[in-house]
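Below is one structure; the comments refer to it alone.
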There are 2 protein chains.
Amino acid sequence: MGDRVVEIKKGLEDVFVLETKISSIDGIKGILEYRGFNIHDLLHLSYDAVSYLLIHGKIPDEKEISAYSHQLKKDRGIPEEMIRVLHTCNFNIEAMDALRTEVSYMAHCDPDMNDNSYDGNIRKGTRLISKFPTIVAAFHRIRNNQEIVAPDPHLSHGANFLYMLRGTRPGELEAELIEADFILSAEHELNTSTFSTRVTASTLSDLHSAIISGLSTLKGPLHGGARMAVMEMLDEISVPEHAEEHVLNLISNKQRVMGFGHRVYKTYDPRAKISKELAKKIAEEKHEQKWYEIAQNIENTVNRELVEKRGKPIYPNVDFYAAVIYRYLEITPQLATSVFAIGRVSGWIAHILEQYADNRLIRPRAKFVR
Amino acid sequence: MGDRVVEIKKGLEDVFVLETKISSIDGIKGILEYRGFNIHDLLHLSYDAVSYLLIHGKIPDEKEISAYSHQLKKDRGIPEEMIRVLHTCNFNIEAMDALRTEVSYMAHCDPDMNDNSYDGNIRKGTRLISKFPTIVAAFHRIRNNQEIVAPDPHLSHGANFLYMLRGTRPGELEAELIEADFILSAEHELNTSTFSTRVTASTLSDLHSAIISGLSTLKGPLHGGARMAVMEMLDEISVPEHAEEHVLNLISNKQRVMGFGHRVYKTYDPRAKISKELAKKIAEEKHEQKWYEIAQNIENTVNRELVEKRGKPIYPNVDFYAAVIYRYLEITPQLATSVFAIGRVSGWIAHILEQYADNRLIRPRAKFVR
């Protein structure tokens with residue numbers, strides 16, 4: 001056994017495991033499309049509409065978006081027993097652990113628990129999208145000994161999250177930024193967490209279980225966890241003048257500069273480009289250039305040292321400027337990955353439904369070596 | 001985008017994604033080895049020793065197994081707050097959902113929560129192996145309004161589980177059967193749940209998160225969930241004389257006969273062969289041939305109708321006779337998949353540690369189609 005010559009596809013790099021209608025990445029030109037629409041054009045829509053597009057495959061008309069948004073707003077609250085579970089969580093943990101536990105518990109409370117039909121899954125999925133922001137905000141406030149803030153149905157998905165998190169209604173630009181962040185985080189083809197939701201779904205396990213695999217996977221520092229790591233780096237640097245030295249130290253110690261590099265993009269990540277512009281805008285509006293300047297100095301140093309001097313193509317990825325935006329929005333590092341999850345859950349649901357619709361068990365092989 | 005001609009590896013069938021030292025399957029000859037040892041030979045060891053072999057790569061000597069077993073026994077108890085979480089679970093759910101939620105919560109309580117070193121992971125892993133049986137038994141008894149039974153350090157891993165579950169110490173043959181079931185369930189190369197633990201670990205997410213992905217994936221009816229489905233089929237048939245008709249109906253309706261067929265084995269699953277003998281043994285000892293006869297009749301009908309008449313190679317897999325054994329051990333269908341997980345967790349831990357030791361992010365591609 002194990003003596004057969006086989007090719008090992010380590011990391012499954014460039015292995016195409018399925019066909020999808022949900023999104024496409026052109027890693028050479030730096031283009032990301034959801035359902036055939038360039039993400040630049042989708043920023044004019046609400047997160048609700050983009051979520052509808054991902055899951056249902058079309059941009060909703062007025063009647064459709066009105067019904068969908070109404071349902072999302074209606075589902076925002078979380079029952080008393082879910083709040084109790086949040087109270088039992090260890091308050092020193094990353095919010096991702098609390099979110100993962102709460103979503104696992106939420107499966108027990110879902111009225112469609114035993115309904116794995118398409119319609120049942122759509123109802124369960126809508127509840128997950130609705131409740132993710134409420135869970136993340138509630139855990140944050142409970143841990144900080146603050147009263148939980150009830151959702152405001154007059155606010156958009158993003159604005160309502162900031163309101164529940166911080167207790168005051170966000171400014172117009174803040175609301176625009178968080179909504180854009182959710183849209184840019186919503187979907188990215190077979191990234192590792194999305195792939196893991198499809199692996200789980202391929203055993204015909206239920207929707208909640210597949211989402212929980214996604215959360216478990218997103219948490220890693222080589223994936224969504226990078227946002228937290230970038231925020232921590234910004235904190236550590238703390239003044240723009242120290243950024244260059246910090247990066248030079250990382251490079252000379254052969255350590256990773258968090259928030260740079262991507263398996264698929266060989267050019268500037270189109271999401272990072274948008275986030276960078278938005279970060280600049282809010283830095284100006286808040287008259288607080290510091291975090292944006294630190295980020296700029298990091299990027300310039302990486303560019304000079306790695307791209308120009310060594311010809312190594314490495315660019316900021318989606319997590320880098322998202323982390324800068326989170327700083328300005330008063331989102332703490334411990335929340336960063338779960339805020340990413342609030343956006344990503346729509347993409348996960350779309351992929352899980354696509355997997356169920358044309359399923360083949362995902363079961364690769366390993367080569368035995370002594 | 002998406003116009004490039006690429007080969008789609010749907011289901012990753014026969015794609016080798018990594019090298020492993022943990023196990024090997026010869027699907028043609030029907031041989032399964034853990035770390036180079038044939039499973040037939042491993043049945044003479046305790047589950048503790050097999051678990052040690054999987055994780056540490058060698059059969060433990062007397063001193064090593066004594067220390068390891070001592071630690072496993074010491075860790076069996078679960079704290080009051082974990083019992084409280086089990087009480088909040090919906091009692092109508094499958095035990096897998098409760099186990100998944102409890103393991104997610106358990107991460108919050110682990111003293112090594114923030115230690116992702118090899119040693120920290122070994123301590124966390126040992127606790128997971130120890131506590132899985134306690135969680136499954138405690139949830140079962142709470143749901144049935146029975147007092148929780150404290151673990152007995154004089155009993156083996158398997159015997160202690162049956163004791164905590166049923167409240168009385170099991171007979172010798174019963175203890176042998178559950179221990180064998182845990183050993184046979186412990187490891188099986190890159191089955192879908194094990195693959196999912198490695199996908200999660202490849203983002204450098206933590207051990208508990210990776211195990212939770214495994215649980216989420218094992219639950220599916222095309223994977224561990226098949227045990228529950230087989231048990232339900234046995235119940236539905238209920239008398240040996242009805243088995244043939246039941247199977248003929250399934251076949252003529254083009255429905256799946258649960259517990260048959262495997263992606264890798266093109267012959268009789270060696271685990272099923274062993275379980276079948278054990279099932280026969282306990283049927284005789286208990287003077288209750290019924291469940292064994294139903295299983296025999298199912299297998300004979302499948303064999304006659306599919307293998308002989310249509311030349312389709314299809315054999316019972318590990319879940320089929322495991323389900324029969326669970327019947328004799330008074331394990332209910334709703335518990336079946338989580339009992340599988342009690343065995344499998346050792347293999348998961350071994351694979352997660354192997355992934356961490358030589359990591360490459362698992363990130364495949366999807367081909368965009370309109």
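Ordering of the structure tokens sets the chain letters (A, B, ...), residue numbers begin anew at 1 in every chain, and ligands are numbered from 1 in the order given.
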
Mind listing as an NGL selection string which residues of chain A are within 7 Å of chain B, counting only C-alpha atoms? :A and (1 or 7-21 or 23-24 or 26 or 89-90 or 93 or 100-101 or 104-105 or 108 or 189-192 or 196 or 199-200 or 203-205 or 209-210 or 212-213 or 216-217 or 219-223 or 360-370)

Mobile chain A fitted to chain B over all in-order Cα pairs, reported as a compact mmCIF listing (two decimals) with C-alpha atoms, in the first residue's frame:
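The resulting selection-v8.txt:
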```txt
# COMPACT_ATOMS: atom_id res chain seq x y z
CA MET A 1 -13.46 34.91 -16.78
CA GLY A 2 -14.37 31.27 -16.45
CA ASP A 3 -13.75 30.56 -20.13
CA ARG A 4 -10.51 28.70 -19.48
CA VAL A 5 -10.75 24.94 -20.04
CA VAL A 6 -10.15 23.33 -16.69
CA GLU A 7 -10.75 19.83 -15.43
CA ILE A 8 -13.30 19.67 -12.62
CA LYS A 9 -12.43 17.23 -9.85
CA LYS A 10 -15.95 16.87 -8.54
CA GLY A 11 -16.08 15.31 -5.07
CA LEU A 12 -12.26 15.20 -5.23
CA GLU A 13 -12.62 11.54 -6.13
CA ASP A 14 -9.16 9.92 -6.32
CA VAL A 15 -7.42 13.28 -5.85
CA PHE A 16 -4.54 12.89 -3.40
CA VAL A 17 -4.36 16.09 -1.35
CA LEU A 18 -1.64 15.22 1.12
CA GLU A 19 0.71 12.60 2.52
CA THR A 20 -0.09 11.00 5.84
CA LYS A 21 1.61 8.65 8.26
CA ILE A 22 -1.60 7.96 10.14
CA SER A 23 -3.43 5.31 8.14
CA SER A 24 -3.78 3.57 4.81
CA ILE A 25 -6.63 1.91 2.98
CA ASP A 26 -6.24 -0.72 0.30
CA GLY A 27 -9.67 -0.48 -1.26
CA ILE A 28 -9.07 -3.39 -3.63
CA LYS A 29 -7.80 -5.94 -1.13
CA GLY A 30 -9.91 -4.59 1.73
CA ILE A 31 -7.06 -3.80 4.12
CA LEU A 32 -7.06 -1.00 6.68
CA GLU A 33 -3.94 -0.16 8.67
CA TYR A 34 -3.36 2.41 11.40
CA ARG A 35 0.27 3.59 11.43
CA GLY A 36 1.21 0.43 9.51
CA PHE A 37 -0.65 -1.98 11.81
CA ASN A 38 -3.52 -4.05 10.45
CA ILE A 39 -6.73 -3.28 12.34
CA HIS A 40 -7.23 -6.99 13.04
CA ASP A 41 -4.12 -6.93 15.19
CA LEU A 42 -5.11 -3.71 16.94
CA LEU A 43 -8.30 -5.24 18.35
CA HIS A 44 -6.14 -6.93 21.00
CA LEU A 45 -5.21 -3.51 22.35
CA SER A 46 -7.33 -1.14 24.42
CA TYR A 47 -8.92 1.91 22.79
CA ASP A 48 -6.56 4.01 24.91
CA ALA A 49 -3.55 2.29 23.34
CA VAL A 50 -4.92 2.64 19.79
CA SER A 51 -5.64 6.30 20.45
CA TYR A 52 -2.05 6.72 21.66
CA LEU A 53 -0.78 4.96 18.54
CA LEU A 54 -2.76 7.26 16.25
CA ILE A 55 -1.70 10.45 17.98
CA HIS A 56 1.88 9.64 18.99
CA GLY A 57 2.79 7.29 16.14
CA LYS A 58 3.86 4.27 18.18
CA ILE A 59 2.32 1.53 20.27
CA PRO A 60 2.88 2.68 23.85
CA ASP A 61 5.08 0.68 26.19
CA GLU A 62 3.83 -0.23 29.65
CA LYS A 63 4.93 3.02 31.27
CA GLU A 64 3.55 5.17 28.47
CA ILE A 65 0.13 3.53 28.37
CA SER A 66 -0.15 3.64 32.12
CA ALA A 67 0.49 7.40 32.21
CA TYR A 68 -1.77 8.06 29.20
CA SER A 69 -4.68 5.96 30.51
CA HIS A 70 -4.32 7.54 33.93
CA GLN A 71 -4.65 11.00 32.39
CA LEU A 72 -7.63 9.95 30.25
CA LYS A 73 -9.42 8.58 33.31
CA LYS A 74 -8.61 11.66 35.37
CA ASP A 75 -10.09 13.95 32.73
CA ARG A 76 -13.40 12.09 32.35
CA GLY A 77 -15.53 14.36 34.55
CA ILE A 78 -17.26 17.46 33.19
CA PRO A 79 -17.65 20.67 35.21
CA GLU A 80 -20.97 21.99 36.50
CA GLU A 81 -21.20 24.72 33.84
CA MET A 82 -20.92 22.14 31.05
CA ILE A 83 -23.76 20.16 32.64
CA ARG A 84 -25.82 23.35 32.79
CA VAL A 85 -25.35 23.90 29.05
CA LEU A 86 -26.61 20.34 28.39
CA HIS A 87 -29.72 21.15 30.40
CA THR A 88 -30.48 24.12 28.14
CA CYS A 89 -30.36 21.94 25.00
CA ASN A 90 -33.51 21.05 23.14
CA PHE A 91 -34.21 17.46 24.18
CA ASN A 92 -35.77 16.52 20.86
CA ILE A 93 -32.57 17.00 18.91
CA GLU A 94 -30.13 14.37 17.79
CA ALA A 95 -27.35 13.95 20.36
CA MET A 96 -24.85 15.20 17.73
CA ASP A 97 -26.22 18.73 17.98
CA ALA A 98 -25.84 18.69 21.74
CA LEU A 99 -22.31 17.27 21.46
CA ARG A 100 -21.34 19.94 18.90
CA THR A 101 -22.71 22.73 21.09
CA GLU A 102 -21.08 21.32 24.21
CA VAL A 103 -17.66 20.96 22.55
CA SER A 104 -17.91 24.54 21.30
CA TYR A 105 -18.72 25.67 24.82
CA MET A 106 -15.99 23.41 26.26
CA ALA A 107 -13.40 25.45 24.35
CA HIS A 108 -14.32 28.42 26.57
CA CYS A 109 -13.60 26.41 29.72
CA ASP A 110 -10.36 24.74 28.65
CA PRO A 111 -7.39 25.80 30.82
CA ASP A 112 -5.16 25.65 27.70
CA MET A 113 -7.59 27.73 25.64
CA ASN A 114 -4.90 30.14 24.46
CA ASP A 115 -2.09 27.62 24.17
CA ASN A 116 -1.84 26.39 20.58
CA SER A 117 1.56 24.77 21.03
CA TYR A 118 2.01 21.04 20.41
CA ASP A 119 1.96 20.31 24.16
CA GLY A 120 -1.10 22.49 24.68
CA ASN A 121 -2.87 20.69 21.87
CA ILE A 122 -1.98 17.28 23.30
CA ARG A 123 -3.52 18.31 26.64
CA LYS A 124 -6.63 19.70 24.94
CA GLY A 125 -6.89 16.60 22.75
CA THR A 126 -6.64 14.23 25.71
CA ARG A 127 -9.46 16.11 27.43
CA LEU A 128 -11.63 15.85 24.33
CA ILE A 129 -11.10 12.07 24.08
CA SER A 130 -11.85 11.71 27.80
CA LYS A 131 -14.94 13.85 27.91
CA PHE A 132 -16.75 12.83 24.70
CA PRO A 133 -18.28 9.68 26.31
CA THR A 134 -19.26 11.65 29.41
CA ILE A 135 -21.00 14.34 27.37
CA VAL A 136 -22.93 11.85 25.22
CA ALA A 137 -24.00 9.77 28.23
CA ALA A 138 -24.91 12.81 30.33
CA PHE A 139 -27.05 14.36 27.58
CA HIS A 140 -28.86 11.05 27.10
CA ARG A 141 -29.64 10.72 30.80
CA ILE A 142 -30.64 14.37 31.27
CA ARG A 143 -33.01 14.13 28.33
CA ASN A 144 -34.56 10.98 29.79
CA ASN A 145 -34.93 12.59 33.19
CA GLN A 146 -32.37 10.27 34.79
CA GLU A 147 -29.58 11.10 37.22
CA ILE A 148 -26.16 11.55 35.61
CA VAL A 149 -23.79 8.66 36.39
CA ALA A 150 -20.25 9.61 37.44
CA PRO A 151 -17.40 7.91 35.51
CA ASP A 152 -15.82 4.80 37.04
CA PRO A 153 -12.00 4.91 36.81
CA HIS A 154 -11.82 1.13 37.13
CA LEU A 155 -13.53 0.65 33.79
CA SER A 156 -12.02 0.86 30.29
CA HIS A 157 -12.96 3.69 27.91
CA GLY A 158 -15.73 1.62 26.31
CA ALA A 159 -17.09 -0.11 29.41
CA ASN A 160 -17.19 3.17 31.31
CA PHE A 161 -19.22 4.77 28.51
CA LEU A 162 -21.85 2.01 28.65
CA TYR A 163 -21.88 2.29 32.45
CA MET A 164 -22.43 6.07 32.38
CA LEU A 165 -25.08 5.65 29.66
CA ARG A 166 -27.10 2.81 31.15
CA GLY A 167 -26.32 3.08 34.87
CA THR A 168 -25.18 -0.54 35.26
CA ARG A 169 -21.81 -2.09 34.54
CA PRO A 170 -21.79 -3.89 31.17
CA GLY A 171 -21.09 -7.59 30.69
CA GLU A 172 -17.71 -8.76 29.45
CA LEU A 173 -18.80 -9.27 25.84
CA GLU A 174 -20.63 -5.93 25.78
CA ALA A 175 -17.47 -4.19 26.98
CA GLU A 176 -15.45 -5.99 24.32
CA LEU A 177 -17.91 -4.93 21.61
CA ILE A 178 -18.01 -1.24 22.44
CA GLU A 179 -14.22 -1.11 22.77
CA ALA A 180 -13.89 -2.80 19.37
CA ASP A 181 -16.41 -0.37 17.88
CA PHE A 182 -14.43 2.62 19.18
CA ILE A 183 -11.21 1.13 17.75
CA LEU A 184 -12.78 0.40 14.35
CA SER A 185 -14.32 3.89 14.26
CA ALA A 186 -11.15 5.69 15.30
CA GLU A 187 -9.55 6.42 11.96
CA HIS A 188 -10.12 6.12 8.24
CA GLU A 189 -7.70 8.28 6.22
CA LEU A 190 -9.30 11.31 4.53
CA ASN A 191 -12.96 10.49 5.07
CA THR A 192 -15.06 13.66 4.76
CA SER A 193 -15.13 14.62 8.45
CA THR A 194 -11.40 14.08 8.89
CA PHE A 195 -10.76 16.06 5.73
CA SER A 196 -12.93 18.86 7.12
CA THR A 197 -10.89 18.97 10.36
CA ARG A 198 -7.76 19.42 8.23
CA VAL A 199 -9.36 22.12 6.07
CA THR A 200 -10.19 24.07 9.24
CA ALA A 201 -6.77 23.43 10.79
CA SER A 202 -5.09 24.64 7.58
CA THR A 203 -6.11 28.23 8.43
CA LEU A 204 -4.30 27.64 11.76
CA SER A 205 -7.63 27.80 13.54
CA ASP A 206 -7.55 26.15 16.97
CA LEU A 207 -7.97 22.46 17.82
CA HIS A 208 -11.50 22.78 19.23
CA SER A 209 -12.69 24.62 16.11
CA ALA A 210 -11.23 21.89 13.88
CA ILE A 211 -12.93 19.16 15.96
CA ILE A 212 -16.22 21.06 15.69
CA SER A 213 -15.92 21.03 11.89
CA GLY A 214 -15.41 17.28 12.15
CA LEU A 215 -18.55 16.88 14.25
CA SER A 216 -20.57 19.10 11.90
CA THR A 217 -19.48 16.98 8.95
CA LEU A 218 -19.78 13.54 10.54
CA LYS A 219 -23.44 14.28 11.25
CA GLY A 220 -24.52 14.03 7.60
CA PRO A 221 -26.44 10.92 6.48
CA LEU A 222 -23.88 10.27 3.70
CA HIS A 223 -21.26 9.92 6.45
CA GLY A 224 -21.61 9.09 10.18
CA GLY A 225 -25.32 9.85 10.08
CA ALA A 226 -25.73 6.59 8.16
CA ARG A 227 -25.52 4.66 11.46
CA MET A 228 -28.66 6.34 12.70
CA ALA A 229 -30.35 5.69 9.37
CA VAL A 230 -29.46 1.97 9.50
CA MET A 231 -30.80 1.72 13.06
CA GLU A 232 -34.03 3.35 11.95
CA MET A 233 -34.28 0.90 9.06
CA LEU A 234 -33.81 -2.04 11.44
CA ASP A 235 -36.61 -0.63 13.60
CA GLU A 236 -38.87 -0.11 10.65
CA ILE A 237 -38.36 -3.66 9.39
CA SER A 238 -38.67 -5.00 12.95
CA VAL A 239 -39.08 -8.71 11.99
CA PRO A 240 -36.59 -10.73 9.90
CA GLU A 241 -39.33 -11.88 7.49
CA HIS A 242 -39.97 -8.32 6.34
CA ALA A 243 -36.39 -7.47 5.44
CA GLU A 244 -36.41 -8.83 1.90
CA GLU A 245 -39.55 -6.95 0.88
CA HIS A 246 -38.26 -3.75 2.44
CA VAL A 247 -35.03 -3.92 0.44
CA LEU A 248 -36.83 -4.83 -2.80
CA ASN A 249 -39.04 -1.79 -2.32
CA LEU A 250 -36.06 0.49 -1.79
CA ILE A 251 -34.33 -0.87 -4.89
CA SER A 252 -37.37 -0.63 -7.12
CA ASN A 253 -37.92 2.96 -5.92
CA LYS A 254 -34.25 3.69 -6.68
CA GLN A 255 -33.65 4.60 -3.05
CA ARG A 256 -30.40 4.12 -1.21
CA VAL A 257 -30.07 1.08 1.08
CA MET A 258 -28.37 2.74 4.05
CA GLY A 259 -25.10 1.22 5.26
CA PHE A 260 -24.01 -0.08 1.85
CA GLY A 261 -21.32 1.18 -0.52
CA HIS A 262 -18.12 3.13 -0.01
CA ARG A 263 -16.08 5.57 -2.10
CA VAL A 264 -12.82 3.72 -1.50
CA TYR A 265 -13.63 0.05 -0.88
CA LYS A 266 -14.37 -2.02 -3.96
CA THR A 267 -14.65 -5.10 -1.78
CA TYR A 268 -15.96 -6.02 1.68
CA ASP A 269 -15.08 -3.30 4.23
CA PRO A 270 -12.69 -5.02 6.69
CA ARG A 271 -14.34 -3.17 9.56
CA ALA A 272 -17.78 -4.45 8.56
CA LYS A 273 -16.40 -7.99 8.48
CA ILE A 274 -15.21 -7.71 12.08
CA SER A 275 -18.40 -6.01 13.27
CA LYS A 276 -20.49 -8.69 11.63
CA GLU A 277 -18.70 -11.43 13.60
CA LEU A 278 -19.11 -9.46 16.81
CA ALA A 279 -22.81 -8.87 16.12
CA LYS A 280 -23.28 -12.61 15.63
CA LYS A 281 -21.49 -13.32 18.90
CA ILE A 282 -23.66 -10.98 20.95
CA ALA A 283 -26.87 -12.17 19.27
CA GLU A 284 -25.99 -15.67 20.43
CA GLU A 285 -25.01 -14.64 23.92
CA LYS A 286 -28.18 -12.61 24.38
CA HIS A 287 -30.34 -15.34 22.79
CA GLU A 288 -31.87 -12.67 20.62
CA GLN A 289 -31.19 -13.42 16.96
CA LYS A 290 -33.74 -10.95 15.60
CA TRP A 291 -31.57 -7.93 14.80
CA TYR A 292 -28.75 -10.02 13.43
CA GLU A 293 -31.18 -11.93 11.25
CA ILE A 294 -32.76 -8.76 9.89
CA ALA A 295 -29.28 -7.52 8.99
CA GLN A 296 -28.40 -10.83 7.35
CA ASN A 297 -31.58 -10.78 5.30
CA ILE A 298 -30.92 -7.21 4.18
CA GLU A 299 -27.38 -8.10 3.18
CA ASN A 300 -28.44 -11.26 1.34
CA THR A 301 -31.12 -9.41 -0.59
CA VAL A 302 -28.77 -6.58 -1.58
CA ASN A 303 -26.20 -9.16 -2.60
CA ARG A 304 -28.65 -11.16 -4.72
CA GLU A 305 -30.34 -8.15 -6.34
CA LEU A 306 -27.41 -5.81 -6.91
CA VAL A 307 -24.19 -7.79 -6.86
CA GLU A 308 -25.28 -11.05 -8.52
CA LYS A 309 -28.07 -9.90 -10.83
CA ARG A 310 -26.63 -6.54 -11.86
CA GLY A 311 -22.93 -7.07 -11.27
CA LYS A 312 -22.78 -3.89 -9.21
CA PRO A 313 -20.12 -4.25 -6.53
CA ILE A 314 -21.73 -3.03 -3.33
CA TYR A 315 -20.98 -4.26 0.18
CA PRO A 316 -21.94 -3.35 3.72
CA ASN A 317 -19.79 -0.54 5.10
CA VAL A 318 -18.63 0.18 8.65
CA ASP A 319 -21.96 1.70 9.62
CA PHE A 320 -24.11 -1.32 8.80
CA TYR A 321 -23.03 -3.86 11.41
CA ALA A 322 -22.05 -1.12 13.86
CA ALA A 323 -25.74 -0.21 13.87
CA VAL A 324 -26.66 -3.83 14.65
CA ILE A 325 -24.20 -3.89 17.53
CA TYR A 326 -25.62 -0.62 18.89
CA ARG A 327 -29.07 -2.26 18.94
CA TYR A 328 -27.76 -5.04 21.14
CA LEU A 329 -25.96 -2.57 23.39
CA GLU A 330 -29.17 -0.55 23.91
CA ILE A 331 -27.74 2.50 22.18
CA THR A 332 -30.65 4.43 20.65
CA PRO A 333 -30.63 5.70 17.02
CA GLN A 334 -30.45 9.33 18.16
CA LEU A 335 -27.14 8.51 19.89
CA ALA A 336 -25.60 6.51 17.05
CA THR A 337 -23.61 9.23 15.29
CA SER A 338 -22.24 10.68 18.51
CA VAL A 339 -21.09 7.21 19.61
CA PHE A 340 -19.25 7.06 16.27
CA ALA A 341 -17.69 10.44 17.17
CA ILE A 342 -16.44 9.07 20.51
CA GLY A 343 -14.29 6.65 18.54
CA ARG A 344 -13.35 8.99 15.69
CA VAL A 345 -12.07 11.89 17.78
CA SER A 346 -8.62 10.26 18.21
CA GLY A 347 -8.14 10.07 14.43
CA TRP A 348 -9.25 13.67 14.05
CA ILE A 349 -6.73 14.85 16.62
CA ALA A 350 -3.93 12.89 14.95
CA HIS A 351 -4.77 14.47 11.58
CA ILE A 352 -5.07 18.00 12.97
CA LEU A 353 -1.64 17.70 14.61
CA GLU A 354 -0.19 16.32 11.36
CA GLN A 355 -1.72 19.27 9.47
CA TYR A 356 -0.27 21.84 11.91
CA ALA A 357 3.17 20.20 11.69
CA ASP A 358 3.49 20.76 7.92
CA ASN A 359 0.77 23.19 7.01
CA ARG A 360 -0.37 24.47 3.65
CA LEU A 361 -3.65 26.39 3.45
CA ILE A 362 -6.25 24.19 1.74
CA ARG A 363 -7.82 26.53 -0.81
CA PRO A 364 -9.08 25.02 -4.07
CA ARG A 365 -10.75 26.85 -6.96
CA ALA A 366 -14.21 26.81 -8.50
CA LYS A 367 -14.96 27.32 -12.17
CA PHE A 368 -17.48 30.06 -12.79
CA VAL A 369 -20.35 29.13 -15.06
CA ARG A 370 -23.31 31.26 -16.04
```

Give me every helix (DSSP H, G or I) residue in range 129-337 of chain B, going by DSSP on the backbone, as a PyMOL selection string. chain B and resi 129-143+157-166+172-185+192-201+207-218+225-237+240-252+270-285+290-308+318-328+333-337
